[in-house]
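Content type mmCIF, C-alpha atoms and all ligand atoms, from the file work.cif:
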data_data
#
loop_
_atom_site.label_atom_id
_atom_site.label_comp_id
_atom_site.auth_asym_id
_atom_site.auth_seq_id
_atom_site.Cartn_x
_atom_site.Cartn_y
_atom_site.Cartn_z
CA MET O 265 10.90 55.77 77.92
CA GLU O 266 8.08 58.09 78.93
CA GLY O 267 10.63 60.93 78.63
CA HIS O 268 10.47 60.61 74.83
CA LEU O 269 6.77 61.36 74.75
CA PRO O 270 5.34 64.72 73.65
CA PRO O 271 2.59 66.30 75.80
CA PRO O 272 -0.87 64.64 75.69
CA SER O 273 -2.09 67.57 73.56
CA HIS O 274 0.02 66.28 70.64
CA PRO O 275 -2.35 65.14 67.85
CA ARG O 276 -0.54 61.77 67.50
CA TYR O 277 -0.18 61.25 71.26
CA GLN O 278 -2.00 57.89 71.50
CA SER O 279 -0.09 56.44 68.58
CA LEU O 280 3.21 57.63 70.10
CA VAL O 281 2.32 56.07 73.48
CA ILE O 282 1.75 52.74 71.73
CA ARG O 283 5.11 53.03 69.93
CA GLU O 284 6.84 53.66 73.25
CA ARG O 285 5.30 50.49 74.68
CA LEU O 286 6.95 48.50 71.92
CA VAL O 287 10.30 50.26 72.25
CA ALA O 288 10.22 49.66 76.03
CA GLY O 289 9.21 46.05 75.32
CA MET O 290 12.23 45.61 73.11
CA ALA O 291 14.55 47.11 75.75
CA ALA O 292 13.07 44.65 78.29
CA GLY O 293 13.76 41.66 76.01
CA ILE O 294 10.07 41.02 75.24
CA VAL O 295 9.74 42.34 71.67
CA ALA O 296 11.88 41.04 68.77
CA PRO O 297 13.59 43.81 66.72
CA GLN O 298 11.47 42.62 63.79
CA GLY O 299 8.42 43.39 65.93
CA LEU O 300 9.09 47.10 65.49
CA LEU O 301 8.95 46.68 61.70
CA ALA O 302 5.73 44.68 61.98
CA HIS O 303 4.22 47.47 64.08
CA GLY O 304 5.14 50.12 61.51
CA ARG O 305 3.25 48.16 58.88
CA GLY O 306 0.26 47.85 61.20
CA GLU O 307 0.33 51.60 61.92
CA ALA O 308 0.13 52.40 58.20
CA PHE O 309 -3.00 50.26 57.78
CA ASP O 310 -4.52 51.68 60.96
CA TYR O 311 -4.05 55.18 59.53
CA LEU O 312 -5.75 54.17 56.28
CA LEU O 313 -8.67 52.67 58.20
CA GLY O 314 -9.19 55.87 60.20
CA GLU O 315 -7.73 54.50 63.46
CA GLN O 316 -11.13 53.24 64.58
CA THR O 317 -12.97 49.95 64.90
CA THR O 318 -15.02 49.65 61.71
CA ASP O 319 -18.45 47.99 61.51
CA ALA O 320 -16.83 45.08 59.68
CA ALA O 321 -14.30 44.68 62.51
CA ARG O 322 -17.15 44.67 65.04
CA ARG O 323 -18.76 41.76 63.22
CA SER O 324 -15.42 39.90 63.27
CA ILE O 325 -15.01 40.61 66.99
CA ASP O 326 -18.45 39.13 67.71
CA ALA O 327 -17.72 36.09 65.51
CA ALA O 328 -14.38 35.56 67.28
CA ALA O 329 -15.98 35.87 70.72
CA ALA O 330 -18.72 33.43 69.70
CA MET O 331 -16.16 30.92 68.42
CA LEU O 332 -14.13 31.22 71.64
CA VAL O 333 -17.08 30.68 73.98
CA LEU O 334 -18.34 27.70 71.93
CA ALA O 335 -14.90 26.04 71.74
CA ARG O 336 -14.05 22.77 73.52
CA HIS O 337 -10.44 23.82 74.16
CA PRO O 338 -9.63 27.40 73.10
CA VAL O 339 -6.07 28.75 73.46
CA LEU O 340 -4.74 32.32 73.17
CA SER O 341 -1.29 32.52 71.58
CA VAL O 342 0.95 35.38 72.72
CA ASN O 343 4.02 36.76 70.93
CA GLY O 344 6.36 39.63 71.81
CA ASN O 345 4.24 42.40 70.29
CA VAL O 346 1.04 41.14 71.93
CA ALA O 347 2.73 40.93 75.35
CA ALA O 348 4.13 44.47 75.04
CA LEU O 349 0.93 46.08 73.71
CA VAL O 350 -1.89 44.40 75.67
CA PRO O 351 -0.52 42.40 78.64
CA LYS O 352 -3.32 43.24 81.07
CA GLU O 353 -6.02 42.96 78.43
CA ILE O 354 -4.94 39.55 77.08
CA VAL O 355 -4.82 38.17 80.64
CA ALA O 356 -8.36 39.52 81.23
CA LEU O 357 -9.55 37.90 77.99
CA SER O 358 -7.97 34.60 79.01
CA ARG O 359 -9.95 34.71 82.28
CA ALA O 360 -13.19 35.74 80.59
CA VAL O 361 -13.31 32.91 78.00
CA PRO O 362 -11.68 31.02 79.93
CA ALA O 363 -8.70 29.94 77.78
CA PRO O 364 -5.03 29.32 78.62
CA LEU O 365 -2.31 31.65 77.34
CA GLU O 366 0.58 30.08 75.41
CA VAL O 367 3.74 31.94 74.43
CA ASN O 368 4.47 30.95 70.87
CA LEU O 369 7.17 32.90 69.07
CA PHE O 370 8.20 33.29 65.47
CA TYR O 371 11.73 34.41 66.43
CA ARG O 372 11.99 32.03 69.37
CA THR O 373 14.65 32.39 72.05
CA GLU O 374 14.32 30.83 75.50
CA GLN O 375 15.19 34.18 77.13
CA ARG O 376 12.38 35.97 75.34
CA VAL O 377 9.86 33.20 76.18
CA ALA O 378 10.84 33.54 79.87
CA ALA O 379 10.66 37.37 79.77
CA ILE O 380 7.18 37.26 78.19
CA ILE O 381 5.88 34.71 80.71
CA ALA O 382 7.21 36.84 83.60
CA HIS O 383 5.62 39.97 82.06
CA LEU O 384 2.21 38.24 81.72
CA GLN O 385 2.45 36.94 85.29
CA ALA O 386 3.25 40.46 86.50
CA HIS O 387 -0.04 41.47 84.83
CA GLY O 388 -2.06 38.83 86.68
CA ALA O 389 -1.68 35.62 84.64
CA ALA O 390 -1.65 32.45 86.74
CA THR O 391 -0.24 29.82 84.41
CA VAL O 392 1.28 30.58 81.03
CA LEU O 393 2.16 27.69 78.71
CA GLY O 394 5.06 27.68 76.25
CA ALA O 395 8.27 27.35 78.26
CA ASP O 396 8.48 23.58 77.81
CA PRO O 397 7.17 22.75 74.35
CA ASP O 398 6.48 19.03 73.92
CA SER O 399 4.63 19.07 70.60
CA ARG O 400 4.87 20.56 67.10
CA ILE O 401 2.55 22.28 64.66
CA PRO O 402 2.81 19.86 61.70
CA GLY O 403 4.49 21.20 58.56
CA LEU O 404 6.61 23.91 60.21
CA ASP O 405 10.36 23.46 60.40
CA HIS O 406 12.71 24.46 63.24
CA ASP O 407 11.59 26.33 66.36
CA ARG O 408 8.65 28.04 64.63
CA GLY O 409 6.70 24.79 64.92
CA LEU O 410 7.17 24.25 68.67
CA CYS O 411 4.08 24.26 70.88
CA THR O 412 2.68 22.45 73.93
CA ALA O 413 0.47 19.37 73.76
CA ALA O 414 -1.74 20.73 76.56
CA GLY O 415 -2.16 24.07 74.76
CA ILE O 416 -2.03 24.79 71.03
CA GLY O 417 -1.30 21.13 70.22
CA SER O 418 -4.73 19.96 71.44
CA ALA O 419 -6.70 23.20 70.89
CA ASP O 420 -9.75 23.27 68.62
CA VAL O 421 -9.82 27.10 68.44
CA VAL O 422 -6.68 29.26 68.54
CA LEU O 423 -6.39 33.05 68.68
CA VAL O 424 -3.10 34.01 66.96
CA PRO O 425 -2.82 37.81 66.86
CA LEU O 426 -0.20 39.53 64.63
CA GLU O 427 0.81 36.18 63.21
CA ASP O 428 2.99 35.00 60.34
CA GLY O 429 1.11 33.61 57.31
CA ASP O 430 2.97 30.32 57.21
CA ARG O 431 2.06 29.41 60.76
CA THR O 432 -1.55 30.46 60.30
CA ALA O 433 -1.79 28.17 57.26
CA ALA O 434 -0.19 25.31 59.23
CA LEU O 435 -2.69 25.73 62.10
CA VAL O 436 -5.61 25.72 59.63
CA ALA O 437 -4.15 22.63 57.90
CA ALA O 438 -3.94 20.95 61.33
CA GLY O 439 -7.75 21.25 61.53
CA LYS O 440 -7.95 24.11 64.03
CA ARG O 441 -10.37 27.03 63.82
CA VAL O 442 -8.09 30.07 63.65
CA ILE O 443 -8.88 33.60 64.75
CA THR O 444 -6.42 36.41 64.09
CA ILE O 445 -6.08 40.12 64.68
CA ASP O 446 -4.29 41.79 61.77
CA LEU O 447 -4.62 45.34 60.47
CA ASN O 448 -3.56 44.28 56.97
CA PRO O 449 -6.58 42.71 55.25
CA LEU O 450 -4.28 41.58 52.40
CA SER O 451 -1.85 39.59 54.55
CA ARG O 452 -1.72 35.83 54.09
CA THR O 453 -2.72 35.42 57.73
CA ALA O 454 -5.76 37.68 57.24
CA GLN O 455 -6.81 35.71 54.18
CA THR O 456 -6.16 32.25 55.65
CA ALA O 457 -7.73 32.56 59.12
CA HIS O 458 -11.39 31.64 59.70
CA VAL O 459 -12.05 34.93 61.53
CA THR O 460 -9.84 37.97 60.88
CA ILE O 461 -10.27 41.01 63.07
CA VAL O 462 -8.91 43.90 60.99
CA ASP O 463 -8.37 46.30 63.87
CA ASN O 464 -5.56 47.52 66.11
CA ILE O 465 -4.93 44.95 68.83
CA VAL O 466 -5.08 47.70 71.46
CA ARG O 467 -8.75 48.28 70.56
CA ALA O 468 -9.65 44.72 69.53
CA VAL O 469 -8.70 42.77 72.67
CA PRO O 470 -10.81 44.86 75.13
CA SER O 471 -13.76 44.72 72.68
CA LEU O 472 -13.32 40.97 72.36
CA GLU O 473 -13.46 40.60 76.13
CA GLU O 474 -16.70 42.63 76.27
CA SER O 475 -18.23 40.48 73.56
CA VAL O 476 -17.16 37.27 75.34
CA HIS O 477 -18.94 38.45 78.51
CA ARG O 478 -22.08 39.13 76.46
CA LEU O 479 -22.10 35.80 74.58
CA ARG O 480 -20.81 33.45 77.26
CA SER O 481 -24.28 32.82 78.65
CA ASP O 482 -26.03 32.82 75.26
CA PRO O 483 -24.82 29.85 73.16
CA THR O 484 -27.82 30.09 70.80
CA SER O 485 -26.85 33.63 69.73
CA ALA O 486 -23.18 32.59 69.58
CA GLN O 487 -24.02 29.71 67.20
CA ALA O 488 -26.12 31.99 64.97
CA ILE O 489 -23.29 34.58 64.81
CA VAL O 490 -20.73 31.92 63.78
CA ALA O 491 -23.10 30.42 61.19
CA ARG O 492 -23.75 33.70 59.38
CA TYR O 493 -20.21 35.14 59.56
CA ASP O 494 -18.45 35.61 56.20
CA ASN O 495 -14.71 36.37 56.52
CA ALA O 496 -14.18 37.01 52.79
CA ALA O 497 -17.00 39.58 52.72
CA MET O 498 -15.46 41.27 55.77
CA ALA O 499 -12.05 41.51 54.03
CA ARG O 500 -13.66 42.99 50.87
CA GLU O 501 -15.44 45.60 52.99
CA GLN O 502 -12.23 46.61 54.79
CA LEU O 503 -10.39 46.93 51.47
CA ARG O 504 -13.19 49.04 50.02
CA ARG O 505 -12.91 51.32 53.00
CA ILE O 506 -9.14 51.70 52.55
CA ARG O 507 -9.50 52.40 48.81
CA SER O 508 -12.32 54.93 49.20
CA GLY O 509 -10.55 56.82 52.00
CA HIS O 510 -13.55 55.88 54.25
O1 LIG O 601 7.44 37.86 68.93
P1 LIG O 601 7.62 37.00 67.72
O2 LIG O 601 9.01 36.40 67.63
O3 LIG O 601 6.59 35.88 67.62
O4 LIG O 601 7.46 37.90 66.39
C1 LIG O 601 6.26 38.68 66.23
C2 LIG O 601 6.21 39.34 64.83
C3 LIG O 601 5.01 40.29 64.84
C4 LIG O 601 7.50 40.11 64.62
C5 LIG O 601 6.06 38.24 63.77
O5 LIG O 601 4.93 37.45 64.03
C6 LIG O 601 6.00 38.81 62.37
O6 LIG O 601 7.00 39.02 61.69
O7 LIG O 601 4.77 39.12 61.94
P2 LIG O 601 4.46 39.75 60.49
O8 LIG O 601 4.59 38.66 59.45
O9 LIG O 601 5.20 41.03 60.30
O10 LIG O 601 2.91 40.05 60.61
C7 LIG O 601 2.41 40.92 61.59
C8 LIG O 601 1.05 41.47 61.09
O11 LIG O 601 0.47 42.17 62.16
C9 LIG O 601 1.20 42.46 59.91
O12 LIG O 601 0.26 42.15 58.90
C10 LIG O 601 0.86 43.84 60.53
O13 LIG O 601 0.15 44.66 59.64
C11 LIG O 601 -0.04 43.43 61.71
N1 LIG O 601 0.05 44.35 62.86
C12 LIG O 601 1.15 44.99 63.32
N2 LIG O 601 0.84 45.75 64.40
C13 LIG O 601 -0.48 45.55 64.64
C14 LIG O 601 -0.99 44.66 63.66
N3 LIG O 601 -2.27 44.26 63.64
C15 LIG O 601 -3.07 44.72 64.63
N4 LIG O 601 -2.65 45.59 65.61
C16 LIG O 601 -1.38 46.02 65.65
N5 LIG O 601 -0.98 46.86 66.60
#
Could you spell out this file's structure in structure tokens?
Ligand code: PTJ
Amino acid sequence: MEGHLPPPSHPRYQSLVIRERLVAGMAAGIVAPQGLLAHGRGEAFDYLLGEQTTDAARRSIDAAAAMLVLARHPVLSVNGNVAALVPKEIVALSRAVPAPLEVNLFYRTEQRVAAIIAHLQAHGAATVLGADPDSRIPGLDHDRGLCTAAGIGSADVVLVPLEDGDRTAALVAAGKRVITIDLNPLSRTAQTAHVTIVDNIVRAVPSLEESVHRLRSDPTSAQAIVARYDNAAMAREQLRRIRSGH
């Protein structure tokens, strides 16, 4: 795959490296074909946001970290795109919180679940939930609703990056606090989650880990951050930025 890359001097080099990770992920049976389309949409929003972590995104990252460290039973949900783009980083975040990883797919196949679990384990994960779902997210039909009772089923806080709007709404309706990472501030997921990080997952997950390390030993600050966080104001600010061309 690396053979398709231009030299590092190419102005779009970083973006092309990220694309190649997804293409390689699809060839390895980790990414769904639809994941490539989802990434193209994300890229367009990233471009409009200046391909940087905005101040509004930083506030969301701190609110998400605070919510994760204060949670009774936080869980990090992983899909094909997440596993291909940030395998090492999501494992590091799972250790830092600490919170179990659960593979939870929109386009579920048992082969892809197994490939993603093996990929995460190759990047240092100990246990990864999701291979033997024994519970359901209420209100979702077919395989989209499958989850584990020990993981998402009993979680109070769930991180669901690059998620479908229907499932986000179902998790919220099930009484969970939902954190997402989604470059499209207009998506149903972005508008339904309690904390929406409008940033590229490749930047957001390492920043989230840093913030978790900072807040883990400071529950008073974490509580204050959660109490004053306003997700609707954050979304308005991100949209203003897109419309004004920064
Ligand atoms: O692996 P699976 O089967 O669970 O499927 C995963 C995808 C992503 C295909 C599935 O969840 C899906 O179809 O998602 P959507 O509904 O296309 O939503 C994905 C959202 O993520 C969109 O709003 C994109 O703008 C956003 N997005 C895409 N790439 C990135 C991103 N947000 C942050 N960082 C990215 N790199």
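For the residues O:Ala320, O:Ala499, O:Ala437, O:Ile380, ranking by smallest atom-to-atom distance to ligand LIG 601 (chain O) using only C-alpha atoms and all ligand atoms places O:Ile380 first.
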Go through chain O and flag each residue having an atom no more than 7 Å from ligand LIG 601 (chain O); for those, report the closest pair of atoms plus their distance in Å to one decimal, using all atoms listed in the file, ordered by chain and rising number, as CSV.
residue,atom,partner,partner_atom,distance
O:Val295,CA,O:LIG601,O1,5.7
O:Ala296,CA,O:LIG601,O1,5.5
O:Gln298,CA,O:LIG601,C4,4.8
O:Gly299,CA,O:LIG601,C4,3.6
O:Leu301,CA,O:LIG601,O9,6.9
O:Ala302,CA,O:LIG601,O9,4.1
O:His303,CA,O:LIG601,N2,3.8
O:Gly304,CA,O:LIG601,C12,6.7
O:Arg305,CA,O:LIG601,O13,4.7
O:Gly306,CA,O:LIG601,O13,3.6
O:Glu307,CA,O:LIG601,N2,6.4
O:Phe309,CA,O:LIG601,O13,6.7
O:Asn343,CA,O:LIG601,O1,4.1
O:Gly344,CA,O:LIG601,O1,3.5
O:Asn345,CA,O:LIG601,O1,5.7
O:Asn368,CA,O:LIG601,O3,6.3
O:Leu369,CA,O:LIG601,O3,3.4
O:Phe370,CA,O:LIG601,O3,3.7
O:Tyr371,CA,O:LIG601,O2,3.6
O:Arg372,CA,O:LIG601,O2,5.6
O:Leu426,CA,O:LIG601,O11,3.7
O:Glu427,CA,O:LIG601,O5,4.4
O:Asp428,CA,O:LIG601,O8,4.1
O:Gly429,CA,O:LIG601,O8,6.5
O:Ile445,CA,O:LIG601,C15,5.5
O:Asp446,CA,O:LIG601,N3,3.7
O:Leu447,CA,O:LIG601,N3,4.1
O:Asn448,CA,O:LIG601,O13,4.6
O:Ser451,CA,O:LIG601,O12,5.5
O:Val462,CA,O:LIG601,C15,6.9
O:Asp463,CA,O:LIG601,C15,5.6
O:Asn464,CA,O:LIG601,N4,3.5
O:Ile465,CA,O:LIG601,N4,4.0
O:Val466,CA,O:LIG601,N5,6.4
Can you write out the residues you just picked, keeping C-alpha atoms, as a compact mmCIF listing (two decimals), in the frame of the given file?
# COMPACT_ATOMS: atom_id res chain seq x y z
CA VAL O 295 9.74 42.34 71.67
CA ALA O 296 11.88 41.04 68.77
CA GLN O 298 11.47 42.62 63.79
CA GLY O 299 8.42 43.39 65.93
CA LEU O 301 8.95 46.68 61.70
CA ALA O 302 5.73 44.68 61.98
CA HIS O 303 4.22 47.47 64.08
CA GLY O 304 5.14 50.12 61.51
CA ARG O 305 3.25 48.16 58.88
CA GLY O 306 0.26 47.85 61.20
CA GLU O 307 0.33 51.60 61.92
CA PHE O 309 -3.00 50.26 57.78
CA ASN O 343 4.02 36.76 70.93
CA GLY O 344 6.36 39.63 71.81
CA ASN O 345 4.24 42.40 70.29
CA ASN O 368 4.47 30.95 70.87
CA LEU O 369 7.17 32.90 69.07
CA PHE O 370 8.20 33.29 65.47
CA TYR O 371 11.73 34.41 66.43
CA ARG O 372 11.99 32.03 69.37
CA LEU O 426 -0.20 39.53 64.63
CA GLU O 427 0.81 36.18 63.21
CA ASP O 428 2.99 35.00 60.34
CA GLY O 429 1.11 33.61 57.31
CA ILE O 445 -6.08 40.12 64.68
CA ASP O 446 -4.29 41.79 61.77
CA LEU O 447 -4.62 45.34 60.47
CA ASN O 448 -3.56 44.28 56.97
CA SER O 451 -1.85 39.59 54.55
CA VAL O 462 -8.91 43.90 60.99
CA ASP O 463 -8.37 46.30 63.87
CA ASN O 464 -5.56 47.52 66.11
CA ILE O 465 -4.93 44.95 68.83
CA VAL O 466 -5.08 47.70 71.46
Problem set entry | Residues near Leu479 in chain O, cut-off 9 Å, all atoms listed in the file, skip fewer than 4 positions along chain, as a ChimeraX atom specification | /O:326,329-330,333,474-475,483-486
For this session: Identify, on the basis of all atoms listed in the file, every residue whose closest approach to Arg359 in chain O does not exceed 10 Å; exclude the query and any residue fewer than 4 positions from it along the same chain; express the result as a list in words.
Result: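 My list of contacting residues is Glu353, Ile354, Val355, Ala363, Pro364, Leu365, Gly388, Ala389, Ala390 and Glu473 of chain O.
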Could the residues in this selection be saved with C-alpha atoms as a PDB file, in the frame of the given file?
ATOM      1  CA  GLU O 353      -6.020  42.960  78.430  1.00  0.00           C
ATOM      2  CA  ILE O 354      -4.940  39.550  77.080  1.00  0.00           C
ATOM      3  CA  VAL O 355      -4.820  38.170  80.640  1.00  0.00           C
ATOM      4  CA  ALA O 363      -8.700  29.940  77.780  1.00  0.00           C
ATOM      5  CA  PRO O 364      -5.030  29.320  78.620  1.00  0.00           C
ATOM      6  CA  LEU O 365      -2.310  31.650  77.340  1.00  0.00           C
ATOM      7  CA  GLY O 388      -2.060  38.830  86.680  1.00  0.00           C
ATOM      8  CA  ALA O 389      -1.680  35.620  84.640  1.00  0.00           C
ATOM      9  CA  ALA O 390      -1.650  32.450  86.740  1.00  0.00           C
ATOM     10  CA  GLU O 473     -13.460  40.600  76.130  1.00  0.00           C
TER      11      GLU O 473
END
For this session: Check the smallest atom-to-atom distance from each of O:Arg431, O:Arg323, O:Arg500, O:Arg376 to Ser471 in chain O using only C-alpha atoms, then report the winner.
Result: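 The closest residue to Ser471 in chain O is O:Arg323.
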Exercise. Using only C-alpha atoms, which of O:His477, O:Val421, O:Ala291, O:Lys440 sits nearest Val361 in chain O?
Worked result: O:His477
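Computed from the coordinates, the CA of Gly409 in chain O to CA of Val459 in chain O distance equals 21.6 Å.
You will find CA of Leu280 in chain O at 19.2 Å from CA of Val469 in chain O.
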Exercise. Which value, in Å to one decimal, gives the distance between CA of Gly439 in chain O and CA of Ile325 in chain O?
Worked result: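 The value is 21.4 Å.
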Problem set entry | Closest of O:Pro297, O:Gly314, O:Pro470, O:Pro425 to Arg507 in chain O - atom-to-atom distances counting only C-alpha atoms | O:Gly314
Problem set entry | Among listed residues O:Arg322, O:Gly417, O:Pro351, O:Ala468, nearest Arg285 in chain O (using only C-alpha atoms) | O:Pro351
For this session: Point out the residue among O:Gly403, O:Gly289, O:Pro362, O:Gly509 with the least atom-to-atom distance to Leu340 in chain O, counting only C-alpha atoms.
Result: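 The shortest atom-to-atom distance to Leu340 in chain O comes from O:Pro362.
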Exercise. So which residues touch Ala496 in chain O within 12 Å, counting all atoms listed in the file, skipping near sequence neighbours fewer than 3 positions away, as number ranges by chain?
Worked result: O: 320, 324, 449-450, 454-462, 493, 499-503
